[in-house]
file input.txt (compact mmCIF, C-alpha atoms)
# COMPACT_ATOMS: atom_id res chain seq x y z
CA MET A 145 5.04 3.07 -8.05
CA ALA A 146 5.36 6.38 -6.34
CA LEU A 147 2.82 9.14 -6.80
CA ILE A 148 4.24 12.62 -7.24
CA ASP A 149 1.60 15.32 -6.86
CA LEU A 150 3.07 18.51 -8.29
CA GLY A 151 0.00 20.55 -7.35
CA LYS A 152 0.06 19.69 -3.64
CA LYS A 153 3.84 19.21 -3.65
CA GLU A 154 3.60 15.75 -2.15
CA VAL A 155 5.43 12.51 -2.81
CA HIS A 156 3.65 9.27 -1.81
CA CYS A 157 5.66 6.07 -1.46
CA LYS A 158 4.62 2.56 -0.52
CA ILE A 159 6.83 0.43 1.72
CA VAL A 160 5.89 -3.19 2.35
CA TYR A 161 7.01 -5.28 5.34
CA TYR A 162 7.41 -8.86 4.12
CA GLY A 163 8.32 -12.11 5.86
CA ALA A 164 7.07 -15.52 6.99
CA GLY A 165 4.03 -15.86 9.27
CA ARG A 166 4.50 -14.69 12.88
CA CYS A 167 7.87 -13.02 12.25
CA GLY A 168 6.70 -9.65 13.67
CA LYS A 169 5.68 -7.46 10.72
CA THR A 170 2.53 -6.12 12.37
CA THR A 171 4.44 -5.70 15.66
CA ASN A 172 6.84 -3.34 13.84
CA LEU A 173 3.94 -1.21 12.58
CA LEU A 174 2.22 -1.17 15.95
CA TYR A 175 5.38 0.01 17.68
CA ILE A 176 5.84 2.78 15.10
CA TYR A 177 2.19 3.79 15.42
CA ASN A 178 2.38 4.03 19.22
CA ALA A 179 5.69 5.89 19.20
CA MET A 180 4.78 8.61 16.67
CA SER A 181 2.81 11.76 17.38
CA ASP A 182 -0.68 12.25 15.93
CA SER A 183 0.57 14.95 13.57
CA ASP A 184 3.02 12.56 11.88
CA ARG A 185 0.85 9.48 11.59
CA GLY A 186 -2.50 8.62 10.09
CA LYS A 187 -4.97 6.00 11.23
CA MET A 188 -3.66 2.47 11.42
CA LEU A 189 -5.79 0.02 9.54
CA THR A 190 -5.51 -3.66 10.37
CA ILE A 191 -7.55 -6.58 9.13
CA ASP A 192 -6.74 -9.53 11.35
CA THR A 193 -9.81 -11.58 11.84
CA LYS A 194 -8.09 -14.92 12.23
CA GLY A 195 -6.73 -14.75 15.77
CA ASP A 196 -3.73 -12.45 15.74
CA ARG A 197 -2.78 -13.29 12.20
CA THR A 198 -3.03 -10.67 9.49
CA LEU A 199 -5.68 -11.74 7.03
CA PHE A 200 -5.42 -9.07 4.37
CA PHE A 201 -2.91 -6.37 5.28
CA ASP A 202 -2.09 -3.62 7.77
CA LEU A 203 -1.64 -0.04 6.67
CA LEU A 204 0.00 2.83 8.51
CA PRO A 205 0.37 6.22 6.76
CA LEU A 206 3.21 8.48 7.98
CA ASN A 207 4.45 12.00 7.22
CA LEU A 208 8.21 12.16 7.06
CA GLY A 209 8.84 15.89 6.57
CA LYS A 210 10.05 17.73 3.46
CA ILE A 211 12.65 17.16 0.77
CA SER A 212 13.24 19.85 -1.89
CA GLY A 213 9.96 21.48 -0.87
CA PHE A 214 7.96 18.25 -1.26
CA ASP A 215 6.08 16.66 1.64
CA ILE A 216 7.11 13.03 1.93
CA ARG A 217 4.21 10.73 2.75
CA ILE A 218 4.88 7.06 3.29
CA GLN A 219 2.42 4.25 3.55
CA LEU A 220 3.65 1.21 5.44
CA TYR A 221 1.93 -2.07 4.56
CA THR A 222 2.34 -5.58 5.89
CA VAL A 223 1.38 -8.79 4.11
CA PRO A 224 -0.11 -11.96 5.57
CA GLY A 225 2.88 -14.27 6.04
CA GLN A 226 1.19 -17.66 5.87
CA VAL A 227 2.12 -19.61 2.75
CA MET A 228 -1.48 -20.01 1.54
CA TYR A 229 -2.06 -16.25 1.20
CA GLU A 230 0.25 -15.83 -1.76
CA ALA A 231 -2.41 -14.13 -3.90
CA THR A 232 -2.95 -11.51 -1.19
CA ARG A 233 0.76 -10.85 -0.90
CA LYS A 234 1.03 -10.30 -4.62
CA LEU A 235 -1.87 -7.88 -4.46
CA VAL A 236 -0.36 -5.81 -1.64
CA LEU A 237 2.94 -5.60 -3.53
CA LYS A 238 1.26 -3.74 -6.38
CA GLY A 239 2.99 -0.38 -6.73
CA VAL A 240 5.58 -1.07 -4.02
CA ASP A 241 8.56 1.33 -3.78
CA GLY A 242 10.54 -0.17 -0.90
CA LEU A 243 10.71 -3.43 1.07
CA VAL A 244 11.60 -4.57 4.56
CA PHE A 245 12.16 -8.29 4.95
CA VAL A 246 11.59 -9.38 8.55
CA ALA A 247 13.32 -12.63 9.48
CA ASP A 248 12.42 -14.97 12.32
CA PRO A 249 15.48 -16.21 14.27
CA LEU A 250 13.93 -19.51 15.42
CA LYS A 251 15.95 -22.42 14.08
CA VAL A 252 12.72 -24.23 13.15
CA ARG A 253 11.76 -21.26 10.93
CA GLN A 254 15.02 -21.26 8.96
CA GLU A 255 13.44 -22.80 5.88
CA ARG A 256 10.37 -20.57 6.16
CA ASN A 257 12.55 -17.44 6.00
CA ILE A 258 14.28 -18.64 2.87
CA GLU A 259 10.99 -19.70 1.27
CA SER A 260 9.47 -16.34 2.08
CA LEU A 261 12.39 -14.43 0.52
CA ASN A 262 12.10 -16.56 -2.61
CA ASP A 263 8.36 -15.91 -2.64
CA LEU A 264 9.06 -12.16 -2.40
CA GLU A 265 11.51 -12.35 -5.29
CA ARG A 266 8.96 -14.18 -7.42
CA ASN A 267 6.02 -11.93 -6.55
CA VAL A 268 7.98 -8.73 -7.15
CA GLY A 269 9.04 -10.24 -10.47
CA GLU A 270 5.41 -10.78 -11.43
CA HIS A 271 4.90 -7.03 -11.13
CA GLY A 272 7.76 -6.56 -13.59
CA LEU A 273 10.27 -5.47 -10.95
CA ASP A 274 13.65 -6.87 -9.99
CA LEU A 275 14.32 -7.16 -6.27
CA ALA A 276 18.02 -6.49 -6.90
CA ASP A 277 17.19 -2.97 -8.15
CA MET A 278 14.78 -2.11 -5.34
CA PRO A 279 15.30 -0.52 -1.93
CA LEU A 280 15.46 -3.46 0.48
CA VAL A 281 16.38 -3.71 4.17
CA LEU A 282 16.55 -6.87 6.27
CA GLN A 283 15.49 -7.02 9.89
CA TYR A 284 16.61 -9.87 12.13
CA ASN A 285 13.80 -9.75 14.65
CA LYS A 286 13.23 -11.36 18.08
CA ARG A 287 16.90 -11.13 19.11
CA ASP A 288 15.75 -11.46 22.75
CA LEU A 289 15.16 -15.16 22.07
CA VAL A 290 18.91 -15.67 21.74
CA ASP A 291 19.25 -15.61 25.53
CA THR A 292 16.58 -18.28 26.01
CA PRO A 293 16.98 -22.08 25.66
CA VAL A 294 15.01 -22.02 22.36
CA PRO A 295 17.36 -22.90 19.46
CA THR A 296 17.94 -19.76 17.37
CA LEU A 297 19.94 -18.74 14.34
CA SER A 298 22.99 -16.50 14.75
CA VAL A 299 23.24 -13.26 12.78
CA GLU A 300 25.98 -14.93 10.69
CA GLU A 301 23.64 -17.79 9.81
CA LEU A 302 20.84 -15.36 8.90
CA GLU A 303 23.26 -13.35 6.75
CA GLN A 304 24.37 -16.56 5.08
CA ASP A 305 20.77 -17.62 4.40
CA LEU A 306 19.22 -14.33 3.39
CA ASN A 307 21.76 -11.65 2.56
CA GLN A 308 24.36 -13.36 0.36
CA LYS A 309 22.71 -12.38 -2.87
CA TYR A 310 21.55 -8.81 -2.19
CA GLN A 311 24.07 -7.60 0.44
CA VAL A 312 21.68 -4.96 1.78
CA PRO A 313 21.62 -3.21 5.18
CA ALA A 314 20.44 -5.51 7.97
CA TYR A 315 19.34 -4.60 11.50
CA GLU A 316 18.92 -6.68 14.63
CA ALA A 317 15.63 -5.97 16.36
CA ILE A 318 13.29 -6.79 19.21
CA ALA A 319 10.10 -5.34 17.71
CA THR A 320 7.99 -5.90 20.84
CA LYS A 321 10.31 -3.53 22.75
CA GLY A 322 11.03 -1.28 19.78
CA ASP A 323 14.73 -2.11 19.53
CA GLY A 324 15.84 -1.71 15.93
CA VAL A 325 12.36 -0.76 14.71
CA PHE A 326 13.11 2.89 13.95
CA GLU A 327 16.62 2.07 12.66
CA THR A 328 14.97 -0.22 10.10
CA LEU A 329 12.30 2.34 9.23
CA LYS A 330 14.83 5.16 8.87
CA GLU A 331 17.05 3.17 6.54
CA ILE A 332 14.24 1.92 4.29
CA SER A 333 12.65 5.39 4.16
CA LYS A 334 15.98 6.94 3.18
CA LEU A 335 16.63 4.34 0.48
CA THR A 336 13.06 4.55 -0.86
CA VAL A 337 12.86 8.33 -0.95
CA ASN A 338 16.26 8.45 -2.68
CA TYR A 339 15.11 5.84 -5.17
CA VAL A 340 12.01 7.87 -6.04
CA ALA A 341 13.63 11.31 -5.80
CA LYS A 342 16.55 10.36 -8.04
CA ARG A 343 14.08 9.71 -10.82
CA HIS A 344 11.88 12.76 -10.36
CA LEU A 345 12.84 15.56 -8.01
CA PHE A 346 16.56 15.99 -8.52
CA ASN A 347 16.56 15.97 -12.28
CA ARG A 348 13.78 18.46 -12.78
CA MET B 295 3.72 0.02 -13.00
CA ARG B 296 5.53 3.26 -13.67
CA ASP B 297 5.56 6.22 -11.29
CA LEU B 298 2.67 8.59 -11.68
CA VAL B 299 3.40 12.30 -11.85
CA LEU B 300 0.31 14.41 -11.29
CA ARG B 301 0.23 17.96 -12.61
CA ALA B 302 -1.96 20.51 -10.85
CA GLU B 303 -3.84 21.32 -14.07
CA THR B 304 -4.62 17.63 -14.70
CA VAL B 305 -6.08 17.24 -11.22
CA GLN B 306 -8.06 20.47 -11.62
CA LYS B 307 -9.53 19.29 -14.91
CA VAL B 308 -10.57 15.93 -13.48
CA LYS B 309 -12.02 17.54 -10.35
CA ALA B 310 -14.04 20.01 -12.43
CA MET B 311 -15.54 17.16 -14.44
CA ILE B 312 -16.41 15.17 -11.32
CA GLU B 313 -17.97 18.27 -9.72
CA ASP B 314 -20.07 18.81 -12.82
CA LYS B 315 -21.20 15.22 -13.35
CA LEU B 316 -21.55 13.90 -9.80
CA ILE B 317 -21.21 16.40 -6.97
CA LYS B 318 -23.67 18.88 -8.52
CA ASP B 319 -26.25 16.09 -8.45
CA ASN B 320 -25.79 15.35 -4.76
CA VAL B 321 -23.13 12.64 -4.81
CA GLN B 322 -21.41 13.27 -1.47
CA THR B 323 -17.86 12.29 -2.22
CA ALA B 324 -15.95 11.03 -5.24
CA LEU B 325 -12.36 9.82 -5.35
CA VAL B 326 -10.07 8.76 -8.14
CA ILE B 327 -7.46 6.28 -6.94
CA ASP B 328 -4.89 4.00 -8.56
CA GLY B 329 -4.42 0.26 -8.22
CA ALA B 330 -1.77 0.74 -5.52
CA GLY B 331 -4.22 2.66 -3.32
CA ASN B 332 -2.92 6.19 -3.96
CA ILE B 333 -5.48 9.02 -4.06
CA LEU B 334 -5.22 11.08 -7.25
CA ALA B 335 -8.27 13.31 -6.78
CA HIS B 336 -10.76 13.84 -3.97
CA CYS B 337 -13.98 15.83 -4.50
CA GLY B 338 -17.14 16.70 -2.66
CA LYS B 339 -18.03 17.04 0.96
CA ASP B 340 -15.33 15.83 3.26
CA THR B 341 -17.72 13.53 5.04
CA ASP B 342 -17.01 13.60 8.75
CA GLY B 343 -14.65 10.90 9.77
CA LEU B 344 -14.14 9.63 6.24
CA ASP B 345 -10.71 8.06 6.28
CA ALA B 346 -9.89 8.46 2.58
CA ILE B 347 -6.46 6.81 2.85
CA SER B 348 -7.91 3.59 4.30
CA LEU B 349 -10.81 3.72 1.85
CA ALA B 350 -8.41 3.95 -1.09
CA ALA B 351 -6.18 1.12 0.19
CA LEU B 352 -9.14 -1.18 0.85
CA THR B 353 -10.76 -0.40 -2.48
CA ALA B 354 -7.59 -1.21 -4.40
CA ALA B 355 -7.24 -4.47 -2.48
CA ASN B 356 -10.95 -5.26 -2.87
CA PHE B 357 -10.69 -4.90 -6.65
CA GLY B 358 -7.72 -7.24 -6.61
CA ALA B 359 -9.69 -9.80 -4.61
CA THR B 360 -12.85 -9.56 -6.71
CA SER B 361 -10.88 -9.93 -9.92
CA GLN B 362 -9.89 -13.36 -8.58
CA ILE B 363 -13.62 -14.11 -8.09
CA ALA B 364 -14.18 -12.95 -11.67
CA LYS B 365 -11.61 -15.44 -12.93
CA LEU B 366 -13.38 -18.26 -11.10
CA ILE B 367 -16.49 -17.66 -13.20
CA GLY B 368 -14.60 -17.22 -16.44
CA GLU B 369 -14.50 -13.41 -16.45
CA ASN B 370 -11.27 -11.48 -16.65
CA ASP B 371 -12.36 -8.76 -14.22
CA PHE B 372 -15.44 -6.96 -12.88
CA SER B 373 -15.59 -3.39 -14.08
CA LEU B 374 -17.91 -2.11 -11.34
CA LEU B 375 -18.85 -2.94 -7.77
CA TYR B 376 -21.71 -1.54 -5.73
CA HIS B 377 -22.53 -1.78 -2.02
CA LYS B 378 -25.83 -0.60 -0.60
CA GLY B 379 -26.03 0.62 2.97
CA GLU B 380 -28.89 1.91 5.10
CA LYS B 381 -28.11 5.57 4.46
CA ALA B 382 -24.95 5.61 2.39
CA ASN B 383 -24.13 3.70 -0.75
CA ILE B 384 -20.84 3.24 -2.52
CA HIS B 385 -20.11 2.62 -6.18
CA PHE B 386 -16.72 1.61 -7.57
CA ALA B 387 -15.86 1.67 -11.25
CA ARG B 388 -12.69 0.67 -12.99
CA ILE B 389 -11.20 3.26 -15.34
CA GLY B 390 -8.82 1.68 -17.84
CA THR B 391 -6.43 -0.80 -16.26
CA GLU B 392 -4.93 1.26 -13.45
CA LEU B 393 -7.54 3.65 -12.03
CA ILE B 394 -10.72 3.34 -9.96
CA LEU B 395 -13.48 5.94 -9.45
CA ILE B 396 -15.26 5.73 -6.07
CA SER B 397 -18.61 7.50 -5.57
CA ILE B 398 -20.36 7.76 -2.19
CA PHE B 399 -24.01 8.84 -2.21
CA GLY B 400 -27.19 8.78 -0.17
CA ASP B 401 -30.69 7.55 -0.95
CA ASP B 402 -31.57 10.86 -2.61
CA VAL B 403 -29.45 9.90 -5.62
CA SER B 404 -30.51 7.08 -7.91
CA LEU B 405 -28.06 4.31 -8.71
CA GLY B 406 -29.01 4.58 -12.39
CA LEU B 407 -27.92 8.21 -12.52
CA VAL B 408 -24.61 7.40 -10.85
CA ARG B 409 -23.97 4.56 -13.28
CA VAL B 410 -24.65 6.68 -16.34
CA ARG B 411 -22.56 9.60 -15.09
CA VAL B 412 -19.70 7.37 -13.96
CA GLU B 413 -19.60 5.77 -17.38
CA GLU B 414 -19.35 9.16 -19.06
CA LEU B 415 -16.68 10.25 -16.62
CA ALA B 416 -14.67 7.05 -16.92
CA ALA B 417 -14.06 7.57 -20.61
CA ALA B 418 -13.05 11.21 -20.11
CA ILE B 419 -10.78 10.52 -17.11
CA LYS B 420 -9.10 7.66 -18.92
CA THR B 421 -8.21 9.98 -21.79
CA ILE B 422 -6.79 12.57 -19.41
CA PHE B 423 -4.59 10.18 -17.42
CA GLU B 424 -3.70 7.56 -19.97
CA GLY B 425 -3.84 9.65 -23.13
call {"tool": "encode", "arguments": {"input": "input.txt", "output": "structure tokens"}}
result
Amino acid sequence: MALIDLGKKEVHCKIVYYGAGRCGKTTNLLYIYNAMSDSDRGKMLTIDTKGDRTLFFDLLPLNLGKISGFDIRIQLYTVPGQVMYEATRKLVLKGVDGLVFVADPLKVRQERNIESLNDLERNVGEHGLDLADMPLVLQYNKRDLVDTPVPTLSVEELEQDLNQKYQVPAYEAIATKGDGVFETLKEISKLTVNYVAKRHLFNR
Amino acid sequence: MRDLVLRAETVQKVKAMIEDKLIKDNVQTALVIDGAGNILAHCGKDTDGLDAISLAALTAANFGATSQIAKLIGENDFSLLYHKGEKANIHFARIGTELILISIFGDDVSLGLVRVRVEELAAAIKTIFEG
């Protein structure tokens, strides 16, 4: 649910990074936070009391410039990936406008990725939304593991598992180094702002 | 949840009411936010270092979490939450189903006054936003 403030001429959108535990959602936000200038980013809020796992959510507010005279403000959220935090994930999805699904390439996480996407579908549905109608981008993270002996999934396998149904843009990434992080952010921001603007700004 | 379009005059009206009922009586800051953590109106002293965006996001999430606690004891939801600090106190009240009014105040303001005023405001703000 976007907020359009006609007085201040601002549009606020919420983008949620979703995915199984330890797939790199927070790493994406941290890279974005460190790479952006102070004028374009707000304070990053993270609640990760259990080791390096996100307990509640992370939040990073960004300013993305102007469209049709409106300042575009985006709030990036992550969810805790671990299966048991389903209630928290549902809560963070409240009012979501756009989604990034981060996939882990480890072969042993193949099922987890699929489960997490199904969980996303279900939780979005509980807010009365249909994932098929929403801005969604996939990110195939940790591509640097492909060159190591650890068994990993190929991009074709990930596409087969996760992108058959929705056929959305997908980016390969190494979030720790920043590869693919801004490509993902740019695409989801574009899709989300279009999705909101189509309904409000362009038909005024 | 549908998108929320805020008109300048709506925000002005709500802010004027909050100024009159809370800020005039020494409440430092009051915010109206929605369940997704968006800030609809922000009044009062911009307390130094107050990160309103984080406050709004955490409040929305906190209400979500406490409504689960409510269900455990057979309640549907808690309509207000209050935290007392050494110098600053914070009061959260649900307005209708989607909005939350946050009031931050010091020891010079009584909790009773805040509760009465917030209750009056809640009804008025609900009418303005939800009709």
call {"tool": "residues_around", "arguments": {"input": "input.txt", "residues": "Tyr310 in chain A", "least_positions_apart": "2", "cutoff": "9 Å", "atoms": "only C-alpha atoms", "output": "ChimeraX atom specification"}}
result
/A:275-276,280,306-308,312
call {"tool": "residues_around", "arguments": {"input": "input.txt", "residues": "Ile327 in chain B", "least_positions_apart": "3", "cutoff": "9 Å", "atoms": "all atoms listed in the file", "output": "ChimeraX atom specification"}}
result
/B:330-336,350-351,353-354,392-396
call {"tool": "interface_residues", "arguments": {"input": "input.txt", "of": "chain B", "to": "chain A", "cutoff": "9 Å", "atoms": "all atoms listed in the file", "output": "PDB file with C-alpha atoms, in the frame of the given file"}}
result
ATOM      1  CA  MET B 295       3.720   0.020 -13.000  1.00  0.00           C
ATOM      2  CA  ARG B 296       5.530   3.260 -13.670  1.00  0.00           C
ATOM      3  CA  ASP B 297       5.560   6.220 -11.290  1.00  0.00           C
ATOM      4  CA  LEU B 298       2.670   8.590 -11.680  1.00  0.00           C
ATOM      5  CA  VAL B 299       3.400  12.300 -11.850  1.00  0.00           C
ATOM      6  CA  LEU B 300       0.310  14.410 -11.290  1.00  0.00           C
ATOM      7  CA  ARG B 301       0.230  17.960 -12.610  1.00  0.00           C
ATOM      8  CA  ALA B 302      -1.960  20.510 -10.850  1.00  0.00           C
ATOM      9  CA  GLU B 303      -3.840  21.320 -14.070  1.00  0.00           C
ATOM     10  CA  VAL B 305      -6.080  17.240 -11.220  1.00  0.00           C
ATOM     11  CA  GLY B 329      -4.420   0.260  -8.220  1.00  0.00           C
ATOM     12  CA  ALA B 330      -1.770   0.740  -5.520  1.00  0.00           C
ATOM     13  CA  GLY B 331      -4.220   2.660  -3.320  1.00  0.00           C
ATOM     14  CA  ASN B 332      -2.920   6.190  -3.960  1.00  0.00           C
ATOM     15  CA  ILE B 333      -5.480   9.020  -4.060  1.00  0.00           C
ATOM     16  CA  LEU B 334      -5.220  11.080  -7.250  1.00  0.00           C
ATOM     17  CA  ASP B 345     -10.710   8.060   6.280  1.00  0.00           C
ATOM     18  CA  ILE B 347      -6.460   6.810   2.850  1.00  0.00           C
ATOM     19  CA  SER B 348      -7.910   3.590   4.300  1.00  0.00           C
ATOM     20  CA  ALA B 351      -6.180   1.120   0.190  1.00  0.00           C
ATOM     21  CA  ALA B 354      -7.590  -1.210  -4.400  1.00  0.00           C
ATOM     22  CA  ALA B 355      -7.240  -4.470  -2.480  1.00  0.00           C
ATOM     23  CA  GLY B 358      -7.720  -7.240  -6.610  1.00  0.00           C
ATOM     24  CA  ALA B 359      -9.690  -9.800  -4.610  1.00  0.00           C
ATOM     25  CA  GLN B 362      -9.890 -13.360  -8.580  1.00  0.00           C
TER      26      GLN B 362
END
call {"tool": "atom_distance", "arguments": {"input": "input.txt", "atom1": "CA of Asp248 in chain A", "atom2": "CA of Leu206 in chain A"}}
result
25.6 Å
call {"tool": "atom_distance", "arguments": {"input": "input.txt", "atom1": "CA of Thr328 in chain A", "atom2": "CA of Gly242 in chain A"}}
result
11.9 Å
call {"tool": "closest_residue", "arguments": {"input": "input.txt", "among": "B:Val321, B:Lys381, B:Thr391, B:Cys337", "to": "Arg409 in chain B", "atoms": "all atoms listed in the file"}}
result
B:Val321
call {"tool": "residues_around", "arguments": {"input": "input.txt", "residues": "Ile389 in chain B", "least_positions_apart": "3", "cutoff": "10 Å", "atoms": "all atoms listed in the file", "output": "NGL selection string"}}
result
:B and (326-328 or 373-374 or 386 or 392-395 or 412-413 or 415-421 or 423-424)
call {"tool": "closest_residue", "arguments": {"input": "input.txt", "among": "B:Leu316, B:Leu349, B:Leu366, B:Ile422", "to": "Leu405 in chain B", "atoms": "only C-alpha atoms"}}
result
B:Leu316
call {"tool": "closest_residue", "arguments": {"input": "input.txt", "among": "B:Thr304, B:Tyr376, B:Gly338, B:Asn370", "to": "Lys318 in chain B", "atoms": "all atoms listed in the file"}}
result
B:Gly338
call {"tool": "atom_distance", "arguments": {"input": "input.txt", "atom1": "CA of Leu173 in chain A", "atom2": "CA of Gly213 in chain A"}}
result
27.1 Å
call {"tool": "residues_around", "arguments": {"input": "input.txt", "residues": "Thr170 in chain A", "least_positions_apart": "5", "cutoff": "12 Å", "atoms": "all atoms listed in the file", "output": "compact mmCIF listing (two decimals) with C-alpha atoms, in the frame of the given file"}}
result
# COMPACT_ATOMS: atom_id res chain seq x y z
CA VAL A 160 5.89 -3.19 2.35
CA TYR A 161 7.01 -5.28 5.34
CA TYR A 162 7.41 -8.86 4.12
CA GLY A 163 8.32 -12.11 5.86
CA ALA A 164 7.07 -15.52 6.99
CA GLY A 165 4.03 -15.86 9.27
CA TYR A 175 5.38 0.01 17.68
CA ILE A 176 5.84 2.78 15.10
CA TYR A 177 2.19 3.79 15.42
CA MET A 188 -3.66 2.47 11.42
CA LEU A 189 -5.79 0.02 9.54
CA THR A 190 -5.51 -3.66 10.37
CA ILE A 191 -7.55 -6.58 9.13
CA ASP A 192 -6.74 -9.53 11.35
CA ASP A 196 -3.73 -12.45 15.74
CA ARG A 197 -2.78 -13.29 12.20
CA THR A 198 -3.03 -10.67 9.49
CA LEU A 199 -5.68 -11.74 7.03
CA PHE A 200 -5.42 -9.07 4.37
CA PHE A 201 -2.91 -6.37 5.28
CA ASP A 202 -2.09 -3.62 7.77
CA LEU A 203 -1.64 -0.04 6.67
CA LEU A 204 0.00 2.83 8.51
CA LEU A 220 3.65 1.21 5.44
CA TYR A 221 1.93 -2.07 4.56
CA THR A 222 2.34 -5.58 5.89
CA VAL A 223 1.38 -8.79 4.11
CA PRO A 224 -0.11 -11.96 5.57
CA GLY A 225 2.88 -14.27 6.04
CA VAL A 246 11.59 -9.38 8.55
CA ALA A 319 10.10 -5.34 17.71
CA THR A 320 7.99 -5.90 20.84
CA VAL A 325 12.36 -0.76 14.71
call {"tool": "closest_residue", "arguments": {"input": "input.txt", "among": "B:Ala387, B:Val410, B:Val308, B:Leu344", "to": "Gln322 in chain B", "atoms": "only C-alpha atoms"}}
result
B:Leu344
call {"tool": "closest_residue", "arguments": {"input": "input.txt", "among": "B:Thr323, B:Arg388, B:Lys339, B:Lys309", "to": "Asn356 in chain B", "atoms": "only C-alpha atoms"}}
result
B:Arg388
call {"tool": "closest_residue", "arguments": {"input": "input.txt", "among": "A:Asp274, A:Tyr284, A:Pro313, A:Leu250", "to": "Lys334 in chain A", "atoms": "all atoms listed in the file"}}
result
A:Pro313
call {"tool": "residues_around", "arguments": {"input": "input.txt", "residues": "Ile384 in chain B", "least_positions_apart": "3", "cutoff": "9 Å", "atoms": "only C-alpha atoms", "output": "MDAnalysis selection string"}}
result
chainID B and resid 375:379 396:400
call {"tool": "build_atoms", "arguments": {"input": "input.txt", "residues": "range 286-300 of chain A", "atoms": "N, CA and C atoms", "output": "short mmCIF file (atom, residue, chain, number, x, y, z; two decimals), in the coordinates of the input"}}
result
data_model
loop_
_atom_site.label_atom_id
_atom_site.label_comp_id
_atom_site.auth_asym_id
_atom_site.auth_seq_id
_atom_site.Cartn_x
_atom_site.Cartn_y
_atom_site.Cartn_z
N LYS A 286 13.31 -10.46 16.91
CA LYS A 286 13.23 -11.36 18.08
C LYS A 286 14.60 -11.75 18.62
N ARG A 287 15.55 -10.80 18.62
CA ARG A 287 16.90 -11.13 19.11
C ARG A 287 16.90 -11.46 20.61
N ASP A 288 15.82 -11.11 21.32
CA ASP A 288 15.75 -11.46 22.75
C ASP A 288 15.66 -12.98 22.97
N LEU A 289 15.27 -13.70 21.92
CA LEU A 289 15.16 -15.16 22.07
C LEU A 289 16.53 -15.83 22.14
N VAL A 290 17.56 -15.09 21.74
CA VAL A 290 18.91 -15.67 21.74
C VAL A 290 19.33 -16.07 23.14
N ASP A 291 18.86 -15.31 24.14
CA ASP A 291 19.25 -15.61 25.53
C ASP A 291 18.37 -16.67 26.19
N THR A 292 17.46 -17.25 25.45
CA THR A 292 16.58 -18.28 26.01
C THR A 292 17.05 -19.66 25.51
N PRO A 293 16.53 -20.74 26.11
CA PRO A 293 16.98 -22.08 25.66
C PRO A 293 16.48 -22.46 24.26
N VAL A 294 15.55 -21.68 23.69
CA VAL A 294 15.01 -22.02 22.36
C VAL A 294 16.15 -21.94 21.33
N PRO A 295 16.29 -22.96 20.47
CA PRO A 295 17.36 -22.90 19.46
C PRO A 295 17.11 -21.77 18.46
N THR A 296 18.09 -20.89 18.30
CA THR A 296 17.94 -19.76 17.37
C THR A 296 19.10 -19.72 16.39
N LEU A 297 18.90 -18.90 15.36
CA LEU A 297 19.94 -18.74 14.34
C LEU A 297 20.82 -17.54 14.72
N SER A 298 22.10 -17.64 14.48
CA SER A 298 22.99 -16.50 14.75
C SER A 298 22.84 -15.50 13.60
N VAL A 299 23.30 -14.27 13.84
CA VAL A 299 23.24 -13.26 12.78
C VAL A 299 24.04 -13.74 11.57
N GLU A 300 25.16 -14.42 11.81
CA GLU A 300 25.98 -14.93 10.69
C GLU A 300 25.18 -15.93 9.85
#
